[in-house]
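Chemist: Submitted below is the structure of interest, expressed as structure tokens.
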Amino acid sequence: MRFTQTDGNTATTLPILQRKLARETRARQEAEFLLEKKTSELFSAHCRLEEELNRARDLATAIETSTDGVAFTDSDGVFRYMNTSHAEMFGYDVTELIGQSWSVLYSDDVLSVFNDVIMPTFFKEGAWRGEADGVTKSGQPLPQEISLTKLPTGGILCTTRDITERRRRENTARELAEKLRHAEQQSAVLTLTNSLTHDFNNLISAIAGYAHLLHTDSENMPKTKERAYRIQQATEKAADLVKSLEERGEDGLQECSILDLRAVVKECLDIAEAIKPIGVSISTDFPDFAFVYCNEMLLSRSILNIIKNAFEVIEPGTSIHLRIGRDSTSLPGQSSCAYHLGDQYNDHAWVLEIIDRGPGLHGSQLAEIFNPGFSTKSRLRNSGLGLFSLTRLADSQMAAVSVESQVGYGTLFRLGFPIIESQGPKSDPRQDIHSVDVRSDGYILVVDDDHLVGEMLAETLQSKGYPSVWVSEPSQALQRIRENPEAVSALITDYNMPQMNGVQLVKEVTPLLERKIPILICSGQPIPRRLPPSVDKTMRKPISIAELTDTLSALLPGMSKSTML
Amino acid sequence: MKGIVYRFFQDYVEETWSAELVDEMLSLDGLSTEGAFTSVGNYPHDDFVQMLAFVADRTNIDLSQLIYNFGEALFHRLASAHHDVIAGFDSCIDLLAGIESVIHRDVRKIYDNTELPRFDVVNIQGKEEITIQYRSSRPFADLAHGLIAGAISYYGLNASSTIIRETPLYYKDNARFRVVFKGKGVKDEVHAN
């Protein structure tokens with residue numbers, strides 16, 4: 001310390017020193033207070049920093065382990081950070097991309113989109129979100145969802161998500177939806193074809209039959225005979241055309257194979273996912289395995305149409321349940337109504353049930369829903385419910401079909417699949433023509449709801465020397481047989497009839513007969529594979545008179561034409 | 001204003017003149033702490049202005065010159081106390097360029113609520129010339145001038161550099177300094193336009 005007065009005048013310096021001491025003491029106390037305060041602040045700051053650090057570490061871990069790609073660039077667009085997911089998404093190691101421009105991950109075409117569209121928006125808005133295809137290290141396209149955010153440093157924060165799987169699903173859904181549309185069109189054409197060919201076959205049968213009779217009756221009229229022959233030729237060509245049309249419509253619908261029912265249903269659900277209304281849920285209950293013997297196209301079409309119809313009537317918040325099991329369930333309550341299609345089996349290999357919690361159907365509507373063109377609501381398409389395919393399943397005995405419904409609760413569709421017989425195919429009764437003993441005074445009973453065909457058949461058989469009686473309704477046939485079963489020497493029945501089909505009629509008739517008689521089933525449409533053993537032969541319409549007479553000759557050798565009425 | 005400046009000013013007055021003058025200065029009425037300043041404290045700059053005016057008056061030195069002189073001495077004291085900070089700069093021009101971006105940044109780390117003057121680099125030409133803009137809410141452009149001069153003398157460049165104060169001298173809270181470093185042998189001079 002330097003003093004101006006160094007004469008040792010303590011009287012002057014002492015008060016100065018005392019004041020200085022007092023000031024320094026106060027300064028020290030204040031310094032201690034400030035230091036204590038600062039220490040406390042520093043400790044608090046330290047704690048805050050530690051918390052921030054932990055949070056930052058958690059965040060870093062979350063980013064690093066995220067399955068989404070996260071990266072940021074500097075203001076020159078050069079990668080400064082990248083998590084592993086981001087690099088691996090493109091097939092790189094992180095170290096390979098750090099220091100590289102983001103543009104290395106895109107093709108020239110995509111970069112031009114970035115330059116022209118994406119980046120101008122990004123710079124204007126400070127962010128951009130969308131989809132763009134990147135390029136992996138191996139040159140493969142990488143569809144990705146991208147989110148870009150402008151950083152305060154001028155860099156870009158980029159988060160990406162590989163949407164390859166999503167794109168694949170979308171494409172699959174599109175393809176499946178296209179298949180569905182195609183199947184619907186095919187189904188509509190098939191329905192129309194079936195209806196037309198059925199009618200045409202009956203008409204052709206009648207024309208051919210009468211032409212045959214005319215030809216037979218015109219022995220002395222060569223011109224008439226020639227003209228009748230030409231009519232026969234023309235009807236044969238027409239029959240071929242109709243047959244060709246039928247075969248085209250039936251293409252692939254007859255062939256059965258062993259199917260994984262679960263896989264078929266799941267594929268239908270995948271297709272249906274694309275048209276599922278918002279708020280509707282689907283639940284499933286499947287066993288570990290369920291194999292059935294059925295036509296895949298027909299089965300898929302049936303399941304899809306049931307689900308689609310359910311989608312159109314159920315409200316958001318409700319559900320559809322699909323169940324595969326060995327046994328059947330029923331709707332709760334007593335007020336439900338039921339309808340069955342085709343044969344119902346006592347034992348099933350598997351049962352598929354589809355239950356929707358829609359408004360339900362009235363009993364009077366149940367039988368109608370399988371008819372082409374039927375609709376329950378204006379909401380539904382005018383093209384009907386598309387459930388005709390279920391009729392085909394039932395008719396061809398691939399599945400027993402039934403439906404239960406309860407107004408206010410919902411509707412249950414049940415497909416019961418018959419047990420697959422493992423002992424190999426039985427001999428086809430249709431090909432097993434064997435002769436039987438017949439009474440010489442009997443007659444052939446012809447059953448056909450089509451008057452033209454029925455009358456023609458009876459008349460033709462008469463002309464060939466076979467006494468015949470035609471009835472138009474199965475109930476009339478049953479009545480005749482009940483009254484005098486012995487008089488019926490053979491039964492020729494149509495398959496498609498309003499009251500009951502030909503197979504059902506045969507099942508009703510068989511117990512009434514006291515002996516085996518030849519039984520033939522004729523149809524303009526495909527006839528089920530599984531037939532009662534009493535059926536001797538099936539014939540497709542239009543019926544060939546020659547084939548019919550040959551068959552009868554083989555089946556009824558004892559029925560001598562000379563002894564006939 | 002940082003207490004360390006007050007402490008250094010007390011030392012400067014005592015070393016330059018006397019302990020009695022310091023005693024008188026610290027006994028002035030109106031000082032916020034009754035003259036008890038600690039280097040870790042923060043005090044109203046009016047206290048500093050009052051003390052400067054008192055010393056200028058008692059020693060009959062122009063106030064601006066007093067502040068300039070103190071600024072020059074202050075730099076040496078700060079450099080001595082924070083040698084490690086100064087060692088981080090390669091040259092005087094680097095240091096002047098880094099007042100705002102390095103030194104003040106570090107000061108703010110310790111004193112987060114500190115109101116510091118700004119020393120923005122307006123122009124820099126290699127190692128030869130730098131222009132700095134001083135801005136402050138306090139009228140201490142002369143102190144900034146002295147600090148720059150202190151930096152130059154710290155690096156031993158008095159003879160080869162020139163400080164040109166491009167703004168009028170009466171601009172106390174806003175001044176622009178252009179510092180030109182020349183080859184050795186050029187006479188050291190401090191200009192004020």
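As shown in the structure tokens, the chain order sets the letters A, B, ...; within each chain, residues go from 1, and ligands are also counted from 1 in the order they appear.
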Up to 12 Å from chain A, what residues of chain B turn up? Count only C-alpha atoms and give them as a ChimeraX atom specification.
Modeler: /B:3-4,6-7,10-27,33-42,109-112
Chemist: Emit the selected residues as a PDB file, in the first residue's frame, including C-alpha atoms.
Modeler:
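out_17.pdb, freshly written:
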```pdb
ATOM      1  CA  GLY B   3     -17.652  -5.518  -8.992  1.00  0.00           C
ATOM      2  CA  ILE B   4     -14.248  -6.591 -10.300  1.00  0.00           C
ATOM      3  CA  TYR B   6     -14.715  -1.380  -9.001  1.00  0.00           C
ATOM      4  CA  ARG B   7     -12.057  -3.358  -7.164  1.00  0.00           C
ATOM      5  CA  GLN B  10      -9.710   1.157  -6.237  1.00  0.00           C
ATOM      6  CA  ASP B  11      -6.335  -0.527  -6.733  1.00  0.00           C
ATOM      7  CA  TYR B  12      -5.617   1.680  -9.744  1.00  0.00           C
ATOM      8  CA  VAL B  13      -6.351   4.891  -7.758  1.00  0.00           C
ATOM      9  CA  GLU B  14      -4.306   3.714  -4.778  1.00  0.00           C
ATOM     10  CA  GLU B  15      -1.358   2.680  -6.955  1.00  0.00           C
ATOM     11  CA  THR B  16      -1.506   5.825  -9.061  1.00  0.00           C
ATOM     12  CA  TRP B  17      -2.234   8.307  -6.302  1.00  0.00           C
ATOM     13  CA  SER B  18      -2.852   7.261  -2.668  1.00  0.00           C
ATOM     14  CA  ALA B  19      -4.855   5.263  -0.158  1.00  0.00           C
ATOM     15  CA  GLU B  20      -6.242   8.487   1.213  1.00  0.00           C
ATOM     16  CA  LEU B  21      -7.771   9.318  -2.172  1.00  0.00           C
ATOM     17  CA  VAL B  22      -9.334   5.865  -2.288  1.00  0.00           C
ATOM     18  CA  ASP B  23     -10.657   6.402   1.231  1.00  0.00           C
ATOM     19  CA  GLU B  24     -12.182   9.723   0.234  1.00  0.00           C
ATOM     20  CA  MET B  25     -13.604   8.236  -2.951  1.00  0.00           C
ATOM     21  CA  LEU B  26     -15.234   5.343  -1.134  1.00  0.00           C
ATOM     22  CA  SER B  27     -16.586   7.686   1.515  1.00  0.00           C
ATOM     23  CA  THR B  33     -22.819   0.085  -0.778  1.00  0.00           C
ATOM     24  CA  GLU B  34     -21.154   2.812   1.255  1.00  0.00           C
ATOM     25  CA  GLY B  35     -17.924   1.973  -0.518  1.00  0.00           C
ATOM     26  CA  ALA B  36     -17.853  -1.732   0.216  1.00  0.00           C
ATOM     27  CA  PHE B  37     -17.409  -3.380  -3.190  1.00  0.00           C
ATOM     28  CA  THR B  38     -16.603  -7.000  -3.784  1.00  0.00           C
ATOM     29  CA  SER B  39     -15.278  -8.367  -7.032  1.00  0.00           C
ATOM     30  CA  VAL B  40     -18.066 -10.971  -7.307  1.00  0.00           C
ATOM     31  CA  GLY B  41     -20.818  -8.378  -6.860  1.00  0.00           C
ATOM     32  CA  ASN B  42     -22.762  -6.349  -9.388  1.00  0.00           C
ATOM     33  CA  LYS B 109     -21.713 -18.578 -18.748  1.00  0.00           C
ATOM     34  CA  ILE B 110     -20.732 -17.500 -15.239  1.00  0.00           C
ATOM     35  CA  TYR B 111     -22.931 -14.383 -14.878  1.00  0.00           C
ATOM     36  CA  ASP B 112     -26.076 -15.223 -16.814  1.00  0.00           C
TER      37      ASP B 112
END
```
Chemist: Using DSSP assignments from the backbone, pull out every residue in chain B that falls under helix (DSSP H, G or I) and give it to me as a PyMOL selection string.
Modeler: chain B and resi 3-16+19-26+45-59+63-81+83-86+92-97+99-110+141-154+158-160
Chemist: I need the residues in chain B that are strand (DSSP E) according to DSSP; give them as a VMD selection string.
Modeler: chain B and resid 118 to 125 129 to 135 161 to 165 174 to 181 189 to 192
Chemist: Can you tell me which residues surround Leu52 in chain B at a distance of at most 8 Å, considering only C-alpha atoms, apart from same-chain residues fewer than 5 positions away, and format the answer as a count of residues only?
Modeler: 3
Chemist: Would you kindly return, as a CSV table (one decimal) with C-alpha atoms, in the first residue's frame, each protein, DNA or RNA residue with an atom no farther than 9 Å from any atom of Pro143 in chain A, considering only C-alpha atoms and excluding same-chain residues fewer than 6 positions away?
Modeler:
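part-v3.csv was written with the following content:
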```csv
chain,number,residue,atom,x,y,z
A,131,GLU,CA,-44.1,-39.9,-49.7
A,132,ALA,CA,-41.1,-40.3,-52.0
A,133,ASP,CA,-39.2,-43.2,-53.3
A,134,GLY,CA,-35.6,-43.4,-52.2
A,135,VAL,CA,-32.9,-45.7,-53.6
A,161,ARG,CA,-40.5,-44.7,-42.5
A,162,ASP,CA,-40.1,-47.6,-44.8
A,163,ILE,CA,-43.6,-48.1,-46.3
A,164,THR,CA,-42.6,-51.0,-48.6
A,167,ARG,CA,-47.4,-50.3,-50.4
```
Chemist: Quote the spacing between CA of Thr549 in chain A and CA of Gln462 in chain A in Å to one decimal place.
Modeler: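 Interatomic distance, CA of Thr549 in chain A to CA of Gln462 in chain A: 11.0 Å.
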Chemist: Could you please determine the separation between CA of Ala97 in chain B and CA of Val121 in chain B in Å, to one decimal place?
Modeler: 6.1 Å
Chemist: To one decimal place, how far is CA of Asp57 in chain B from CA of Phe140 in chain B in Å?
Modeler: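 Result for CA of Asp57 in chain B versus CA of Phe140 in chain B: 17.8 Å, one decimal.
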Chemist: As number ranges by chain, please: the residues near Ile320 in chain A (cut-off 7 Å, only C-alpha atoms, same-chain neighbours under 4 positions excluded).
Modeler: A: 281-283, 355-357
Chemist: Output C-alpha atoms for every residue in that selection, as a compact mmCIF listing (two decimals), in the first residue's frame.
Modeler:
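Generated file (selection-v6.txt):
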```
# COMPACT_ATOMS: atom_id res chain seq x y z
CA SER A 281 -64.86 -54.57 -36.42
CA ILE A 282 -64.24 -58.17 -37.45
CA SER A 283 -63.41 -60.96 -35.05
CA ILE A 355 -72.60 -63.71 -37.73
CA ASP A 356 -73.34 -60.05 -38.30
CA ARG A 357 -74.96 -57.75 -35.76
```
Chemist: Please identify all polymer residues within 12 Å of Ser103 in chain A, counting only C-alpha atoms, omitting same-chain residues fewer than 4 positions from it, and present them as JSON, numbers by chain.
Modeler: {"A": [73, 76, 77, 78, 79, 97, 99, 107, 108, 109, 110, 111, 112, 113, 114, 115, 134, 135]}
Chemist: Grab the residues selected above and save them as a short mmCIF file (atom, residue, chain, number, x, y, z; two decimals), in the first residue's frame with all heavy atoms.
Modeler:
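Once everything was written out, this is result27.cif:
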```
data_model
loop_
_atom_site.label_atom_id
_atom_site.label_comp_id
_atom_site.auth_asym_id
_atom_site.auth_seq_id
_atom_site.Cartn_x
_atom_site.Cartn_y
_atom_site.Cartn_z
N THR A 73 -29.33 -32.76 -41.25
CA THR A 73 -28.23 -32.27 -42.08
C THR A 73 -27.83 -30.89 -41.61
O THR A 73 -28.55 -30.26 -40.83
CB THR A 73 -28.66 -32.17 -43.56
OG1 THR A 73 -29.53 -31.04 -43.69
CG2 THR A 73 -29.36 -33.43 -44.04
N ASP A 76 -25.92 -27.11 -45.59
CA ASP A 76 -25.54 -27.50 -46.95
C ASP A 76 -26.19 -28.82 -47.37
O ASP A 76 -25.89 -29.35 -48.45
CB ASP A 76 -24.02 -27.64 -47.06
CG ASP A 76 -23.33 -26.29 -46.85
OD1 ASP A 76 -23.91 -25.27 -47.27
OD2 ASP A 76 -22.24 -26.27 -46.26
N GLY A 77 -27.04 -29.37 -46.49
CA GLY A 77 -27.70 -30.62 -46.83
C GLY A 77 -26.82 -31.84 -46.63
O GLY A 77 -27.10 -32.91 -47.16
N VAL A 78 -25.77 -31.68 -45.85
CA VAL A 78 -24.86 -32.80 -45.58
C VAL A 78 -25.26 -33.46 -44.26
O VAL A 78 -25.49 -32.77 -43.26
CB VAL A 78 -23.39 -32.31 -45.51
CG1 VAL A 78 -22.46 -33.44 -45.06
CG2 VAL A 78 -22.96 -31.76 -46.85
N PHE A 79 -25.37 -34.80 -44.28
CA PHE A 79 -25.78 -35.51 -43.07
C PHE A 79 -24.78 -35.30 -41.94
O PHE A 79 -23.59 -35.56 -42.11
CB PHE A 79 -25.91 -37.01 -43.36
CG PHE A 79 -27.17 -37.38 -44.09
CD1 PHE A 79 -27.10 -38.03 -45.31
CD2 PHE A 79 -28.41 -37.08 -43.56
CE1 PHE A 79 -28.26 -38.38 -45.99
CE2 PHE A 79 -29.58 -37.43 -44.23
CZ PHE A 79 -29.50 -38.07 -45.45
N LEU A 97 -22.81 -42.74 -44.55
CA LEU A 97 -23.67 -41.63 -44.98
C LEU A 97 -23.35 -40.30 -44.28
O LEU A 97 -23.68 -39.24 -44.82
CB LEU A 97 -25.14 -41.99 -44.77
CG LEU A 97 -25.69 -43.05 -45.73
CD1 LEU A 97 -27.10 -43.45 -45.35
CD2 LEU A 97 -25.68 -42.53 -47.16
N GLY A 99 -21.62 -37.13 -43.52
CA GLY A 99 -20.70 -36.38 -44.37
C GLY A 99 -21.14 -36.38 -45.83
O GLY A 99 -20.57 -35.66 -46.65
N SER A 107 -32.95 -40.97 -56.63
CA SER A 107 -32.63 -41.02 -58.05
C SER A 107 -32.78 -39.62 -58.65
O SER A 107 -33.38 -38.73 -58.03
CB SER A 107 -33.57 -41.99 -58.77
OG SER A 107 -34.88 -41.47 -58.74
N ASP A 108 -32.26 -39.44 -59.86
CA ASP A 108 -32.35 -38.13 -60.51
C ASP A 108 -33.80 -37.70 -60.70
O ASP A 108 -34.14 -36.52 -60.53
CB ASP A 108 -31.64 -38.18 -61.87
CG ASP A 108 -30.13 -38.29 -61.69
OD1 ASP A 108 -29.65 -38.01 -60.58
OD2 ASP A 108 -29.45 -38.66 -62.67
N ASP A 109 -34.65 -38.67 -61.04
CA ASP A 109 -36.06 -38.34 -61.27
C ASP A 109 -36.71 -37.81 -60.00
O ASP A 109 -37.44 -36.82 -60.02
CB ASP A 109 -36.83 -39.59 -61.74
CG ASP A 109 -36.45 -39.95 -63.17
OD1 ASP A 109 -35.84 -39.10 -63.84
OD2 ASP A 109 -36.76 -41.09 -63.59
N VAL A 110 -36.43 -38.52 -58.90
CA VAL A 110 -37.04 -38.10 -57.62
C VAL A 110 -36.43 -36.77 -57.16
O VAL A 110 -37.12 -35.91 -56.62
CB VAL A 110 -36.87 -39.20 -56.55
CG1 VAL A 110 -37.42 -38.74 -55.21
CG2 VAL A 110 -37.57 -40.47 -56.99
N LEU A 111 -35.13 -36.59 -57.43
CA LEU A 111 -34.48 -35.33 -57.04
C LEU A 111 -35.10 -34.14 -57.79
O LEU A 111 -35.22 -33.06 -57.21
CB LEU A 111 -32.97 -35.40 -57.33
CG LEU A 111 -32.14 -36.18 -56.32
CD1 LEU A 111 -30.70 -36.27 -56.78
CD2 LEU A 111 -32.22 -35.56 -54.93
N SER A 112 -35.50 -34.38 -59.02
CA SER A 112 -36.12 -33.27 -59.75
C SER A 112 -37.47 -32.92 -59.12
O SER A 112 -37.87 -31.76 -59.11
CB SER A 112 -36.26 -33.61 -61.23
OG SER A 112 -37.19 -34.66 -61.38
N VAL A 113 -38.15 -33.93 -58.57
CA VAL A 113 -39.41 -33.65 -57.86
C VAL A 113 -39.11 -32.86 -56.59
O VAL A 113 -39.82 -31.92 -56.23
CB VAL A 113 -40.15 -34.97 -57.52
CG1 VAL A 113 -41.40 -34.69 -56.70
CG2 VAL A 113 -40.51 -35.72 -58.79
N PHE A 114 -38.01 -33.25 -55.91
CA PHE A 114 -37.60 -32.51 -54.72
C PHE A 114 -37.34 -31.04 -55.08
O PHE A 114 -37.81 -30.13 -54.40
CB PHE A 114 -36.33 -33.13 -54.12
CG PHE A 114 -36.60 -34.14 -53.04
CD1 PHE A 114 -36.63 -35.48 -53.31
CD2 PHE A 114 -36.85 -33.73 -51.74
CE1 PHE A 114 -36.89 -36.42 -52.33
CE2 PHE A 114 -37.11 -34.65 -50.74
CZ PHE A 114 -37.13 -36.00 -51.04
N ASN A 115 -36.58 -30.85 -56.16
CA ASN A 115 -36.21 -29.49 -56.55
C ASN A 115 -37.40 -28.65 -56.98
O ASN A 115 -37.51 -27.48 -56.62
CB ASN A 115 -35.19 -29.53 -57.71
CG ASN A 115 -33.84 -30.01 -57.21
OD1 ASN A 115 -33.50 -29.84 -56.05
ND2 ASN A 115 -33.09 -30.66 -58.09
N GLY A 134 -37.00 -43.55 -52.26
CA GLY A 134 -35.55 -43.43 -52.20
C GLY A 134 -34.91 -44.55 -53.00
O GLY A 134 -35.59 -45.35 -53.65
N VAL A 135 -33.59 -44.61 -52.95
CA VAL A 135 -32.86 -45.68 -53.63
C VAL A 135 -31.89 -46.29 -52.63
O VAL A 135 -31.13 -45.57 -51.98
CB VAL A 135 -32.05 -45.15 -54.83
CG1 VAL A 135 -31.31 -46.29 -55.51
CG2 VAL A 135 -32.95 -44.46 -55.81
#
```
Chemist: Can you work out which one of A:Tyr81, A:Phe289, A:Phe388, A:Tyr92 has the shortest atom-to-atom distance to Ile156 in chain A, counting only C-alpha atoms?
Modeler: A:Tyr81
Chemist: What lies within 12 Å of Phe89 in chain B using only C-alpha atoms, ignoring chain neighbours under 2 positions off, as a compact mmCIF listing (two decimals) with C-alpha atoms, in the first residue's frame?
Modeler:
```
# COMPACT_ATOMS: atom_id res chain seq x y z
CA ALA B 79 -5.13 -10.46 -18.66
CA HIS B 83 -4.05 -15.61 -18.41
CA ASP B 84 -5.52 -18.89 -19.65
CA VAL B 85 -8.23 -17.01 -21.52
CA ILE B 86 -5.74 -14.71 -23.24
CA ALA B 87 -3.52 -17.68 -24.07
CA SER B 91 -2.67 -12.67 -31.78
CA CYS B 92 -3.98 -9.32 -30.73
CA ILE B 93 -6.33 -9.13 -33.71
CA ASP B 94 -7.73 -12.57 -32.85
CA LEU B 95 -8.36 -11.39 -29.31
CA LEU B 96 -10.08 -8.19 -30.44
CA ALA B 97 -12.19 -10.20 -32.88
CA GLY B 98 -13.10 -12.64 -30.12
CA ILE B 99 -14.21 -10.21 -27.40
CA VAL B 102 -15.46 -15.81 -26.99
CA ILE B 103 -14.76 -13.65 -23.94
CA ALA B 151 -4.58 -5.18 -25.54
CA TYR B 155 1.02 -7.87 -27.13
```
